[in-house]
$ cat target-v1.pdb   # PDB, N, CA and C atoms
ATOM      1  N   MET A 110       8.063  -9.352   0.107
ATOM      2  CA  MET A 110       6.723  -9.664  -0.349
ATOM      3  C   MET A 110       6.589  -9.193  -1.796
ATOM      4  N   THR A 111       5.857  -9.950  -2.589
ATOM      5  CA  THR A 111       5.702  -9.617  -4.001
ATOM      6  C   THR A 111       4.289  -9.144  -4.303
ATOM      7  N   LEU A 112       4.117  -8.568  -5.491
ATOM      8  CA  LEU A 112       2.798  -8.124  -5.918
ATOM      9  C   LEU A 112       1.798  -9.275  -5.953
ATOM     10  N   ASP A 113       2.272 -10.486  -6.230
ATOM     11  CA  ASP A 113       1.374 -11.641  -6.261
ATOM     12  C   ASP A 113       0.687 -11.851  -4.920
ATOM     13  N   ALA A 114       1.340 -11.465  -3.840
ATOM     14  CA  ALA A 114       0.749 -11.626  -2.511
ATOM     15  C   ALA A 114      -0.520 -10.793  -2.360
ATOM     16  N   LEU A 115      -0.613  -9.684  -3.091
ATOM     17  CA  LEU A 115      -1.789  -8.822  -3.006
ATOM     18  C   LEU A 115      -3.040  -9.506  -3.541
ATOM     19  N   LYS A 116      -2.866 -10.414  -4.481
ATOM     20  CA  LYS A 116      -4.019 -11.043  -5.129
ATOM     21  C   LYS A 116      -4.864 -11.845  -4.155
ATOM     22  N   SER A 117      -4.230 -12.493  -3.201
ATOM     23  CA  SER A 117      -4.982 -13.359  -2.297
ATOM     24  C   SER A 117      -5.038 -12.835  -0.860
ATOM     25  N   ALA A 118      -4.313 -11.784  -0.569
ATOM     26  CA  ALA A 118      -4.237 -11.272   0.814
ATOM     27  C   ALA A 118      -5.405 -10.342   1.124
ATOM     28  N   SER A 119      -5.671 -10.187   2.398
ATOM     29  CA  SER A 119      -6.583  -9.152   2.851
ATOM     30  C   SER A 119      -5.842  -7.835   2.661
ATOM     31  N   ARG A 120      -6.474  -6.865   2.014
ATOM     32  CA  ARG A 120      -5.747  -5.651   1.636
ATOM     33  C   ARG A 120      -6.660  -4.436   1.636
ATOM     34  N   VAL A 121      -6.015  -3.281   1.611
ATOM     35  CA  VAL A 121      -6.700  -2.007   1.383
ATOM     36  C   VAL A 121      -5.931  -1.280   0.295
ATOM     37  N   MET A 122      -6.643  -0.406  -0.425
ATOM     38  CA  MET A 122      -6.036   0.323  -1.525
ATOM     39  C   MET A 122      -6.310   1.811  -1.393
ATOM     40  N   GLY A 123      -5.435   2.612  -1.953
ATOM     41  CA  GLY A 123      -5.593   4.056  -1.924
ATOM     42  C   GLY A 123      -4.798   4.677  -0.789
ATOM     43  N   ILE A 124      -4.321   5.871  -1.034
ATOM     44  CA  ILE A 124      -3.461   6.563  -0.072
ATOM     45  C   ILE A 124      -4.149   6.730   1.290
ATOM     46  N   LYS A 125      -5.391   7.176   1.303
ATOM     47  CA  LYS A 125      -6.074   7.430   2.580
ATOM     48  C   LYS A 125      -6.280   6.148   3.375
ATOM     49  N   GLN A 126      -6.775   5.101   2.720
ATOM     50  CA  GLN A 126      -7.034   3.848   3.425
ATOM     51  C   GLN A 126      -5.743   3.179   3.893
ATOM     52  N   VAL A 127      -4.708   3.243   3.066
ATOM     53  CA  VAL A 127      -3.419   2.659   3.455
ATOM     54  C   VAL A 127      -2.827   3.432   4.633
ATOM     55  N   SER A 128      -2.909   4.755   4.590
ATOM     56  CA  SER A 128      -2.397   5.573   5.694
ATOM     57  C   SER A 128      -3.115   5.246   7.000
ATOM     58  N   LYS A 129      -4.429   5.085   6.931
ATOM     59  CA  LYS A 129      -5.198   4.731   8.124
ATOM     60  C   LYS A 129      -4.757   3.375   8.672
ATOM     61  N   ALA A 130      -4.562   2.405   7.774
ATOM     62  CA  ALA A 130      -4.145   1.072   8.205
ATOM     63  C   ALA A 130      -2.769   1.111   8.865
ATOM     64  N   VAL A 131      -1.853   1.911   8.322
ATOM     65  CA  VAL A 131      -0.511   2.035   8.908
ATOM     66  C   VAL A 131      -0.608   2.680  10.292
ATOM     67  N   LYS A 132      -1.401   3.745  10.412
ATOM     68  CA  LYS A 132      -1.547   4.437  11.698
ATOM     69  C   LYS A 132      -2.154   3.529  12.760
ATOM     70  N   ARG A 133      -3.098   2.656  12.352
ATOM     71  CA  ARG A 133      -3.739   1.730  13.295
ATOM     72  C   ARG A 133      -2.852   0.545  13.644
ATOM     73  N   GLY A 134      -1.779   0.352  12.877
ATOM     74  CA  GLY A 134      -0.909  -0.797  13.105
ATOM     75  C   GLY A 134      -1.409  -2.063  12.438
ATOM     76  N   ASP A 135      -2.317  -1.917  11.465
ATOM     77  CA  ASP A 135      -2.903  -3.063  10.773
ATOM     78  C   ASP A 135      -2.132  -3.488   9.530
ATOM     79  N   ALA A 136      -1.220  -2.664   9.043
ATOM     80  CA  ALA A 136      -0.519  -2.948   7.792
ATOM     81  C   ALA A 136       0.723  -3.807   8.037
ATOM     82  N   GLU A 137       0.779  -4.906   7.316
ATOM     83  CA  GLU A 137       1.957  -5.781   7.382
ATOM     84  C   GLU A 137       3.027  -5.298   6.419
ATOM     85  N   CYS A 138       2.592  -4.845   5.236
ATOM     86  CA  CYS A 138       3.502  -4.379   4.195
ATOM     87  C   CYS A 138       2.746  -3.395   3.311
ATOM     88  N   VAL A 139       3.438  -2.371   2.828
ATOM     89  CA  VAL A 139       2.830  -1.370   1.956
ATOM     90  C   VAL A 139       3.515  -1.404   0.600
ATOM     91  N   PHE A 140       2.713  -1.323  -0.443
ATOM     92  CA  PHE A 140       3.221  -1.224  -1.812
ATOM     93  C   PHE A 140       2.918   0.169  -2.337
ATOM     94  N   VAL A 141       3.887   0.799  -2.991
ATOM     95  CA  VAL A 141       3.670   2.091  -3.641
ATOM     96  C   VAL A 141       4.102   1.969  -5.098
ATOM     97  N   ALA A 142       3.411   2.722  -5.948
ATOM     98  CA  ALA A 142       3.726   2.720  -7.373
ATOM     99  C   ALA A 142       4.808   3.754  -7.655
ATOM    100  N   ASP A 143       5.823   3.343  -8.398
ATOM    101  CA  ASP A 143       6.938   4.239  -8.697
ATOM    102  C   ASP A 143       6.533   5.428  -9.560
ATOM    103  N   ASP A 144       5.441   5.289 -10.345
ATOM    104  CA  ASP A 144       5.028   6.395 -11.205
ATOM    105  C   ASP A 144       3.980   7.303 -10.543
ATOM    106  N   ALA A 145       3.667   7.049  -9.282
ATOM    107  CA  ALA A 145       2.741   7.929  -8.555
ATOM    108  C   ALA A 145       3.459   9.227  -8.200
ATOM    109  N   ASP A 146       2.691  10.283  -8.086
ATOM    110  CA  ASP A 146       3.233  11.600  -7.762
ATOM    111  C   ASP A 146       3.901  11.568  -6.387
ATOM    112  N   GLU A 147       5.099  12.064  -6.298
ATOM    113  CA  GLU A 147       5.867  12.065  -5.044
ATOM    114  C   GLU A 147       5.128  12.831  -3.935
ATOM    115  N   ARG A 148       4.383  13.869  -4.304
ATOM    116  CA  ARG A 148       3.617  14.617  -3.294
ATOM    117  C   ARG A 148       2.550  13.735  -2.653
ATOM    118  N   VAL A 149       2.111  12.729  -3.371
ATOM    119  CA  VAL A 149       1.069  11.835  -2.869
ATOM    120  C   VAL A 149       1.672  10.723  -2.013
ATOM    121  N   ILE A 150       2.726  10.081  -2.510
ATOM    122  CA  ILE A 150       3.267   8.918  -1.801
ATOM    123  C   ILE A 150       4.362   9.264  -0.797
ATOM    124  N   GLY A 151       4.951  10.434  -0.916
ATOM    125  CA  GLY A 151       6.019  10.838   0.002
ATOM    126  C   GLY A 151       5.608  10.790   1.471
ATOM    127  N   PRO A 152       4.491  11.445   1.839
ATOM    128  CA  PRO A 152       4.073  11.398   3.245
ATOM    129  C   PRO A 152       3.773   9.975   3.726
ATOM    130  N   LEU A 153       3.237   9.128   2.851
ATOM    131  CA  LEU A 153       2.961   7.739   3.220
ATOM    132  C   LEU A 153       4.264   6.989   3.489
ATOM    133  N   GLN A 154       5.271   7.214   2.672
ATOM    134  CA  GLN A 154       6.553   6.541   2.876
ATOM    135  C   GLN A 154       7.196   6.988   4.195
ATOM    136  N   ILE A 155       7.071   8.253   4.534
ATOM    137  CA  ILE A 155       7.591   8.752   5.817
ATOM    138  C   ILE A 155       6.852   8.088   6.974
ATOM    139  N   LEU A 156       5.523   8.010   6.865
ATOM    140  CA  LEU A 156       4.712   7.361   7.899
ATOM    141  C   LEU A 156       5.120   5.899   8.072
ATOM    142  N   CYS A 157       5.361   5.216   6.968
ATOM    143  CA  CYS A 157       5.774   3.812   7.039
ATOM    144  C   CYS A 157       7.121   3.662   7.742
ATOM    145  N   ARG A 158       8.065   4.556   7.457
ATOM    146  CA  ARG A 158       9.359   4.514   8.143
ATOM    147  C   ARG A 158       9.175   4.721   9.644
ATOM    148  N   GLU A 159       8.330   5.682  10.016
ATOM    149  CA  GLU A 159       8.093   5.967  11.430
ATOM    150  C   GLU A 159       7.447   4.789  12.150
ATOM    151  N   GLN A 160       6.601   4.041  11.441
ATOM    152  CA  GLN A 160       5.874   2.917  12.042
ATOM    153  C   GLN A 160       6.563   1.574  11.807
ATOM    154  N   ASP A 161       7.743   1.577  11.181
ATOM    155  CA  ASP A 161       8.485   0.358  10.861
ATOM    156  C   ASP A 161       7.683  -0.625  10.014
ATOM    157  N   VAL A 162       6.986  -0.089   9.009
ATOM    158  CA  VAL A 162       6.243  -0.920   8.065
ATOM    159  C   VAL A 162       7.064  -0.990   6.782
ATOM    160  N   PRO A 163       7.399  -2.211   6.309
ATOM    161  CA  PRO A 163       8.187  -2.310   5.087
ATOM    162  C   PRO A 163       7.430  -1.774   3.872
ATOM    163  N   VAL A 164       8.165  -1.123   2.980
ATOM    164  CA  VAL A 164       7.587  -0.569   1.756
ATOM    165  C   VAL A 164       8.201  -1.283   0.559
ATOM    166  N   GLU A 165       7.344  -1.827  -0.288
ATOM    167  CA  GLU A 165       7.760  -2.462  -1.545
ATOM    168  C   GLU A 165       7.325  -1.560  -2.683
ATOM    169  N   HIS A 166       7.938  -1.747  -3.840
ATOM    170  CA  HIS A 166       7.642  -0.889  -4.987
ATOM    171  C   HIS A 166       7.061  -1.682  -6.140
ATOM    172  N   ALA A 167       6.087  -1.059  -6.801
ATOM    173  CA  ALA A 167       5.526  -1.580  -8.046
ATOM    174  C   ALA A 167       5.941  -0.608  -9.141
ATOM    175  N   ALA A 168       6.170  -1.116 -10.335
ATOM    176  CA  ALA A 168       6.654  -0.260 -11.417
ATOM    177  C   ALA A 168       5.648   0.831 -11.778
ATOM    178  N   THR A 169       4.385   0.474 -11.881
ATOM    179  CA  THR A 169       3.378   1.447 -12.296
ATOM    180  C   THR A 169       2.121   1.327 -11.447
ATOM    181  N   MET A 170       1.317   2.374 -11.478
ATOM    182  CA  MET A 170       0.033   2.354 -10.796
ATOM    183  C   MET A 170      -0.882   1.295 -11.411
ATOM    184  N   ALA A 171      -0.780   1.113 -12.728
ATOM    185  CA  ALA A 171      -1.592   0.094 -13.406
ATOM    186  C   ALA A 171      -1.228  -1.303 -12.913
ATOM    187  N   ASP A 172       0.068  -1.571 -12.739
ATOM    188  CA  ASP A 172       0.511  -2.878 -12.220
ATOM    189  C   ASP A 172      -0.029  -3.112 -10.817
ATOM    190  N   LEU A 173       0.012  -2.090  -9.989
ATOM    191  CA  LEU A 173      -0.458  -2.218  -8.617
ATOM    192  C   LEU A 173      -1.980  -2.427  -8.583
ATOM    193  N   GLY A 174      -2.697  -1.678  -9.399
ATOM    194  CA  GLY A 174      -4.151  -1.852  -9.480
ATOM    195  C   GLY A 174      -4.510  -3.248  -9.973
ATOM    196  N   ASN A 175      -3.800  -3.721 -10.972
ATOM    197  CA  ASN A 175      -4.032  -5.063 -11.516
ATOM    198  C   ASN A 175      -3.777  -6.132 -10.451
ATOM    199  N   ALA A 176      -2.721  -5.974  -9.676
ATOM    200  CA  ALA A 176      -2.402  -6.931  -8.618
ATOM    201  C   ALA A 176      -3.480  -6.944  -7.541
ATOM    202  N   CYS A 177      -4.176  -5.812  -7.389
ATOM    203  CA  CYS A 177      -5.255  -5.718  -6.394
ATOM    204  C   CYS A 177      -6.592  -6.192  -6.959
ATOM    205  N   GLY A 178      -6.606  -6.495  -8.246
ATOM    206  CA  GLY A 178      -7.835  -6.975  -8.863
ATOM    207  C   GLY A 178      -8.814  -5.884  -9.243
ATOM    208  N   ILE A 179      -8.307  -4.664  -9.459
ATOM    209  CA  ILE A 179      -9.180  -3.569  -9.882
ATOM    210  C   ILE A 179      -8.769  -3.115 -11.277
ATOM    211  N   GLU A 180      -9.689  -2.456 -11.965
ATOM    212  CA  GLU A 180      -9.451  -2.067 -13.346
ATOM    213  C   GLU A 180      -8.821  -0.695 -13.500
ATOM    214  N   VAL A 181      -8.552  -0.029 -12.402
ATOM    215  CA  VAL A 181      -7.913   1.288 -12.439
ATOM    216  C   VAL A 181      -6.586   1.211 -11.692
ATOM    217  N   GLY A 182      -5.763   2.204 -11.865
ATOM    218  CA  GLY A 182      -4.474   2.224 -11.188
ATOM    219  C   GLY A 182      -4.620   2.547  -9.706
ATOM    220  N   ALA A 183      -3.608   2.173  -8.949
ATOM    221  CA  ALA A 183      -3.581   2.474  -7.518
ATOM    222  C   ALA A 183      -2.207   3.012  -7.165
ATOM    223  N   ALA A 184      -2.163   4.107  -6.417
ATOM    224  CA  ALA A 184      -0.887   4.674  -5.996
ATOM    225  C   ALA A 184      -0.284   3.881  -4.852
ATOM    226  N   ALA A 185      -1.160   3.283  -4.016
ATOM    227  CA  ALA A 185      -0.681   2.534  -2.855
ATOM    228  C   ALA A 185      -1.663   1.435  -2.483
ATOM    229  N   ALA A 186      -1.132   0.401  -1.882
ATOM    230  CA  ALA A 186      -1.936  -0.701  -1.357
ATOM    231  C   ALA A 186      -1.192  -1.272  -0.160
ATOM    232  N   ALA A 187      -1.940  -1.875   0.752
ATOM    233  CA  ALA A 187      -1.325  -2.477   1.930
ATOM    234  C   ALA A 187      -1.882  -3.872   2.159
ATOM    235  N   VAL A 188      -0.997  -4.794   2.509
ATOM    236  CA  VAL A 188      -1.413  -6.125   2.954
ATOM    237  C   VAL A 188      -1.668  -6.000   4.451
ATOM    238  N   LEU A 189      -2.831  -6.452   4.872
ATOM    239  CA  LEU A 189      -3.209  -6.324   6.276
ATOM    240  C   LEU A 189      -2.792  -7.544   7.097
ATOM    241  N   LYS A 190      -2.513  -7.300   8.359
ATOM    242  CA  LYS A 190      -2.131  -8.384   9.273
ATOM    243  C   LYS A 190      -3.315  -9.293   9.548
ATOM    244  N   GLN A 191      -4.481  -8.727   9.764
ATOM    245  CA  GLN A 191      -5.695  -9.493  10.070
ATOM    246  C   GLN A 191      -6.745  -9.185   9.025
ATOM    247  N   PRO A 192      -7.506 -10.184   8.591
ATOM    248  CA  PRO A 192      -8.598  -9.906   7.638
ATOM    249  C   PRO A 192      -9.629  -8.965   8.245
ATOM    250  N   ILE A 193     -10.206  -8.131   7.395
ATOM    251  CA  ILE A 193     -11.261  -7.219   7.838
ATOM    252  C   ILE A 193     -12.562  -8.010   7.941
ATOM    253  N   CYS A 194     -13.238  -7.890   9.065
ATOM    254  CA  CYS A 194     -14.499  -8.633   9.267
ATOM    255  C   CYS A 194     -15.681  -7.782   8.885
TER     256      CYS A 194
END

$ encode --input "target-v1.pdb" --output "structure tokens"
Amino acid sequence: MTLDALKSASRVMGIKQVSKAVKRGDAECVFVADDADERVIGPLQILCREQDVPVEHAATMADLGNACGIEVGAAAAAVLKQPIC
């Protein structure tokens, strides 16, 4: 999956929201920014491995935020399996 998929997909952003989506089984794919602090994204990457959720990488937090359509950087984002109602 590519960053372009985030632009039109149902998604959540931020470490807490992405972690919740992974724990609930709602995340199809997780994106993490390579320049995010390892202390922040490390536990999320472990959770994704445990839940068999694929993890893709974005070069920077700014790139990930831009792909999500926000004006600030994002350390993590997830494409959801089902749209949020």

$ atom_distance --input "target-v1.pdb" --atom1 "atom N of Ala136 of chain A" --atom2 "atom CA of Val162 of chain A"
7.7 Å

$ residues_near_point --input "target-v1.pdb" --point "(4.1, 5.4, -12.4)" --cutoff "7 Å" --atoms "only N, CA and C atoms" --output "ChimeraX atom specification"
/A:142-146,168-171

$ atom_distance --input "target-v1.pdb" --atom1 "atom CA of Ala186 of chain A" --atom2 "atom CA of Phe140 of chain A"
5.2 Å

$ residues_around --input "target-v1.pdb" --residues "segment 116-131 of chain A" --least-positions-apart "6" --cutoff "7 Å" --atoms "only N, CA and C atoms" --output "JSON, numbers by chain"
{"A": [149, 153, 156, 157, 160, 176, 177, 178, 183, 184, 185, 186, 187, 188, 189, 190, 191, 192, 193]}

$ resolve_selection --input "target-v1.pdb" --expression "the PyMOL selection byres ((chain A and resi 112) around 8)" --output "VMD selection string"
chain A and resid 110 to 111 113 to 117 166 to 167 172 to 173 175 to 177

$ atom_distance --input "target-v1.pdb" --atom1 "atom CA of Asp135 of chain A" --atom2 "atom CA of Glu165 of chain A"
16.3 Å

$ closest_residue --input "target-v1.pdb" --among "A:Arg158, A:Val164, A:Ile179, A:Pro152" --to "Glu137 of chain A" --atoms "all atoms listed in the file"
A:Val164

$ select_by_dssp --input "target-v1.pdb" --residues "chain A" --states "helix (DSSP H, G or I)" --output "PyMOL selection string"
chain A and resi 113-117+124-133+147-160+170-176

$ select_by_dssp --input "target-v1.pdb" --residues "chain A" --states "strand (DSSP E)" --output "number ranges by chain"
A: 120-122, 136-142, 164-167, 185-189

$ decode --input "target-v1.pdb" --residues "segment 114-139 of chain A" --atoms "N, CA, C and O atoms" --output "short mmCIF file (atom, residue, chain, number, x, y, z; two decimals), in the first residue's frame"
data_model
loop_
_atom_site.label_atom_id
_atom_site.label_comp_id
_atom_site.auth_asym_id
_atom_site.auth_seq_id
_atom_site.Cartn_x
_atom_site.Cartn_y
_atom_site.Cartn_z
N ALA A 114 -2.76 5.98 -1.02
CA ALA A 114 -3.97 5.30 -0.55
C ALA A 114 -4.59 6.03 0.65
O ALA A 114 -5.80 5.97 0.85
N LEU A 115 -3.76 6.72 1.43
CA LEU A 115 -4.26 7.44 2.60
C LEU A 115 -5.17 8.59 2.21
O LEU A 115 -6.06 8.97 2.97
N LYS A 116 -4.95 9.17 1.05
CA LYS A 116 -5.70 10.35 0.64
C LYS A 116 -7.19 10.08 0.51
O LYS A 116 -8.01 10.92 0.83
N SER A 117 -7.54 8.90 0.03
CA SER A 117 -8.95 8.62 -0.21
C SER A 117 -9.53 7.56 0.73
O SER A 117 -10.73 7.33 0.73
N ALA A 118 -8.70 6.94 1.54
CA ALA A 118 -9.17 5.85 2.41
C ALA A 118 -9.75 6.39 3.71
O ALA A 118 -9.45 7.51 4.14
N SER A 119 -10.56 5.57 4.34
CA SER A 119 -10.99 5.85 5.70
C SER A 119 -9.77 5.61 6.58
O SER A 119 -9.13 4.56 6.48
N ARG A 120 -9.44 6.57 7.44
CA ARG A 120 -8.18 6.48 8.17
C ARG A 120 -8.29 7.12 9.55
O ARG A 120 -9.22 7.86 9.82
N VAL A 121 -7.30 6.80 10.36
CA VAL A 121 -7.09 7.48 11.65
C VAL A 121 -5.63 7.89 11.70
O VAL A 121 -4.78 7.28 11.05
N MET A 122 -5.36 8.94 12.48
CA MET A 122 -4.01 9.46 12.58
C MET A 122 -3.61 9.61 14.04
O MET A 122 -4.48 9.79 14.90
N GLY A 123 -2.33 9.55 14.30
CA GLY A 123 -1.81 9.71 15.65
C GLY A 123 -1.58 8.36 16.32
O GLY A 123 -2.29 7.40 16.06
N ILE A 124 -0.57 8.32 17.15
CA ILE A 124 -0.17 7.08 17.80
C ILE A 124 -1.32 6.46 18.61
O ILE A 124 -1.59 5.26 18.48
N LYS A 125 -2.01 7.25 19.40
CA LYS A 125 -3.07 6.69 20.26
C LYS A 125 -4.22 6.13 19.43
O LYS A 125 -4.70 5.03 19.69
N GLN A 126 -4.69 6.89 18.44
CA GLN A 126 -5.82 6.43 17.63
C GLN A 126 -5.45 5.22 16.78
O GLN A 126 -6.24 4.30 16.61
N VAL A 127 -4.23 5.22 16.24
CA VAL A 127 -3.78 4.08 15.43
C VAL A 127 -3.65 2.84 16.31
O VAL A 127 -4.09 1.75 15.93
N SER A 128 -3.10 3.00 17.51
CA SER A 128 -2.96 1.87 18.43
C SER A 128 -4.32 1.28 18.78
O SER A 128 -4.50 0.06 18.80
N LYS A 129 -5.30 2.14 19.03
CA LYS A 129 -6.65 1.68 19.34
C LYS A 129 -7.23 0.89 18.17
O LYS A 129 -7.86 -0.15 18.35
N ALA A 130 -7.04 1.42 16.95
CA ALA A 130 -7.57 0.74 15.77
C ALA A 130 -6.93 -0.63 15.58
O ALA A 130 -7.61 -1.60 15.23
N VAL A 131 -5.63 -0.73 15.83
CA VAL A 131 -4.93 -2.02 15.70
C VAL A 131 -5.46 -3.00 16.75
O VAL A 131 -5.76 -4.15 16.44
N LYS A 132 -5.61 -2.54 17.99
CA LYS A 132 -6.10 -3.41 19.07
C LYS A 132 -7.51 -3.91 18.79
O LYS A 132 -7.85 -5.04 19.11
N ARG A 133 -8.36 -3.05 18.18
CA ARG A 133 -9.74 -3.43 17.86
C ARG A 133 -9.82 -4.33 16.63
O ARG A 133 -10.87 -4.89 16.34
N GLY A 134 -8.73 -4.41 15.87
CA GLY A 134 -8.74 -5.20 14.64
C GLY A 134 -9.31 -4.44 13.46
O GLY A 134 -9.69 -5.03 12.45
N ASP A 135 -9.36 -3.11 13.56
CA ASP A 135 -9.92 -2.27 12.50
C ASP A 135 -8.89 -1.81 11.48
O ASP A 135 -9.26 -1.29 10.43
N ALA A 136 -7.61 -1.95 11.77
CA ALA A 136 -6.56 -1.43 10.90
C ALA A 136 -6.19 -2.45 9.82
O ALA A 136 -5.88 -3.59 10.11
N GLU A 137 -6.25 -1.98 8.59
CA GLU A 137 -5.84 -2.82 7.45
C GLU A 137 -4.34 -2.71 7.24
O GLU A 137 -3.67 -3.68 6.92
N CYS A 138 -3.81 -1.49 7.40
CA CYS A 138 -2.39 -1.22 7.19
C CYS A 138 -2.01 -0.01 8.03
O CYS A 138 -2.81 0.92 8.17
N VAL A 139 -0.80 0.00 8.57
CA VAL A 139 -0.32 1.11 9.38
C VAL A 139 0.89 1.74 8.70
O VAL A 139 1.75 1.04 8.17
#
